[in-house]
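**Student:** Sending over a structure as structure tokens; questions will come in a sec.
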Amino acid sequence: MRITLSLTLLAGALLATPAGAQTAAPDYGQDAAWLCRPGRADACATNQDVTVIRADGKRKIEKFRPAVAPTFDCFYVYPTVSLDTTPNSDLTAGPEEQQVAAAQAARFASKCRVFAPLYRQVTLTALRAVMMGQPMTADRAMALADVTAAWNDYRKRDNGGRGVVLIGHSQGAGLLKQLIASSIETDRSVSRNIVSAMLIGTNVAVPPGRDVGGDFKSMKLCKDANQFGCVVSYVSFRADAPPPANSRFGKVEQAGMVAACTNPAALGGGKAVTDAVFGTKGAGTASAPAGPWTTDGAAVTTSFVKTPGLISAECVSAGGFDYLAVTVNADPKDPRTDTIVGDVIANGSILKDWGLHLIDMPVAMGNLVDLADRQAAAWRGVPRKK
């Protein structure tokens, strides 16, 4: 999985205010305008087999099985990954778009039909220029217009009254946040089909102690796995490396508001072991590579790995920030690794203000997939037993 440093650079802030002159949205009635659609051999149909390594070092390969007849849909918008040299990306799926969809969206295919539009996102090129003090030249409104057009096409051509889970990370989550506020929660004919919105790695504003009333006027934060029509959102940091004062994650600009934090492993609150699913080789080129997963150095032959019990997470409010605090339950006595990678590294130094943004989804991937399935069952009126 190739995710570079600029995956996250200023994406949320730069997308907050649309600007620029839009051009016509792509024709999403053409399948070529989609990164992922059901029934295709595309990025969301990649092998998701995972090696499970238990605390005693024993291993097994957990075979991935796509749903045969999924009863709900997932609409996924990918984060900032485009390596195009223009300020806005083109509509050709490069390796970077394909790899991030394989890492973040493909696992949901075990439960739902996955739809992922290509869109003319603000590129890494544009974000790097801004970081160097140059003006923003990308058309930020173009990305939102594309995602909106794709969503409308999906509803007209594919939805057919099915429940749908919205899934996005970083720039993708920010775009979905705007789409919900402008076009979804204001229209009952649309909002009634929303199973949930998983807006990961972006700041969703809510009043302190409440679950609605900030960025969204009616969609509440999810507090129970059988609740539907609600929002799951968090940004992640190591529990022993909380957000520094200069972090842009875990706080919002709106006065009197805080950033939402909903732990998909414990929606009701508290600390819980998560069902983490990591990339075997690490979190991409912006982070340190993963070392051996066990002390014997034995290779892992699948692209993904699970280490049951190794990761715990809890929503924390501290220092003016609200975030998912991730703990590695290291045990030097067992043969598994005592570390995980995922910190953003630049010039050999960890950028603490980014936290674990590169692995926001992996630290709770299994929980997110299972939660989508449970919420969809509740939406259909047949809540799944725990």
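Numbering starts fresh at 1 for the residues of each chain in the structure tokens, the chains themselves are lettered A, B, ... in the order given, and ligands are numbered from 1 as they appear.
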Any idea what's packed within 12 Å of Gly297 of chain A, counting only C-alpha atoms, ignoring anything in its chain fewer than 5 positions away? Could you give it as a PyMOL selection string?
**Tutor:** chain A and resi 57+290-292+335-337
**Student:** Could you list, as number ranges by chain, every residue within 9 Å of Val369 of chain A, counting only C-alpha atoms and ignoring same-chain residues fewer than 6 positions away?
**Tutor:** A: 107-111
**Student:** Take the residues just selected and output them with N, CA and C atoms as a short mmCIF file (atom, residue, chain, number, x, y, z; two decimals), in the first residue's frame.
**Tutor:**
data_model
loop_
_atom_site.label_atom_id
_atom_site.label_comp_id
_atom_site.auth_asym_id
_atom_site.auth_seq_id
_atom_site.Cartn_x
_atom_site.Cartn_y
_atom_site.Cartn_z
N ARG A 107 -12.26 -4.55 1.85
CA ARG A 107 -12.68 -5.47 2.91
C ARG A 107 -14.18 -5.37 3.18
N PHE A 108 -14.77 -4.22 2.89
CA PHE A 108 -16.22 -4.07 3.09
C PHE A 108 -17.01 -4.94 2.12
N ALA A 109 -16.37 -5.41 1.04
CA ALA A 109 -17.06 -6.25 0.07
C ALA A 109 -17.50 -7.58 0.65
N SER A 110 -17.05 -7.91 1.85
CA SER A 110 -17.53 -9.12 2.52
C SER A 110 -18.95 -8.92 3.03
N LYS A 111 -19.42 -7.67 3.04
CA LYS A 111 -20.74 -7.36 3.58
C LYS A 111 -21.64 -6.60 2.60
#
**Student:** From the set A:Cys112, A:Ala143, A:Ala106, A:Val165, which residue has the shortest atom-to-atom contact distance to Ser89 of chain A, counting only C-alpha atoms?
**Tutor:**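 Checking each of A:Cys112, A:Ala143, A:Ala106, A:Val165 against Ser89 of chain A, counting only C-alpha atoms, the winner is A:Ala143.
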**Student:** Between A:Ser349, A:Asn152, A:Gln178, A:Thr295, which residue has the minimum interatomic distance to Phe75 of chain A, considering only C-alpha atoms?
**Tutor:**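 With only C-alpha atoms as the atom set, the closest residue is A:Asn152.
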**Student:** Would you kindly return, as a ChimeraX atom specification, each protein, DNA or RNA residue with an atom no farther than 6 Å from any atom of Gln171 of chain A, considering only C-alpha atoms and excluding same-chain residues fewer than 2 positions away?
**Tutor:** /A:11,79-80,173-174
**Student:** Take the residues from that selection and put them in a file with C-alpha atoms, as a PDB file, in the first residue's frame.
**Tutor:**
ATOM      1  CA  ALA A  11      -6.922  18.262   3.269  1.00  0.00           C
ATOM      2  CA  PRO A  79      -8.373  10.221   0.602  1.00  0.00           C
ATOM      3  CA  THR A  80      -5.703  12.479  -0.912  1.00  0.00           C
ATOM      4  CA  ALA A 173     -14.426  12.058   4.566  1.00  0.00           C
ATOM      5  CA  GLY A 174     -14.408  15.857   4.338  1.00  0.00           C
TER       6      GLY A 174
END
**Student:** With only C-alpha atoms as the basis for distance, which of A:Ala376, A:Ile359, A:Val195, A:Ala55 is at the shortest distance from Ser170 of chain A?
**Tutor:**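 Result for the nearest residue to Ser170 of chain A: A:Ile359.
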**Student:** Rounded to one decimal place, report the atom CA of Thr86 of chain A-atom CA of Gly29 of chain A distance in Å.
**Tutor:**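 Between atom CA of Thr86 of chain A and atom CA of Gly29 of chain A the gap is 25.1 Å.
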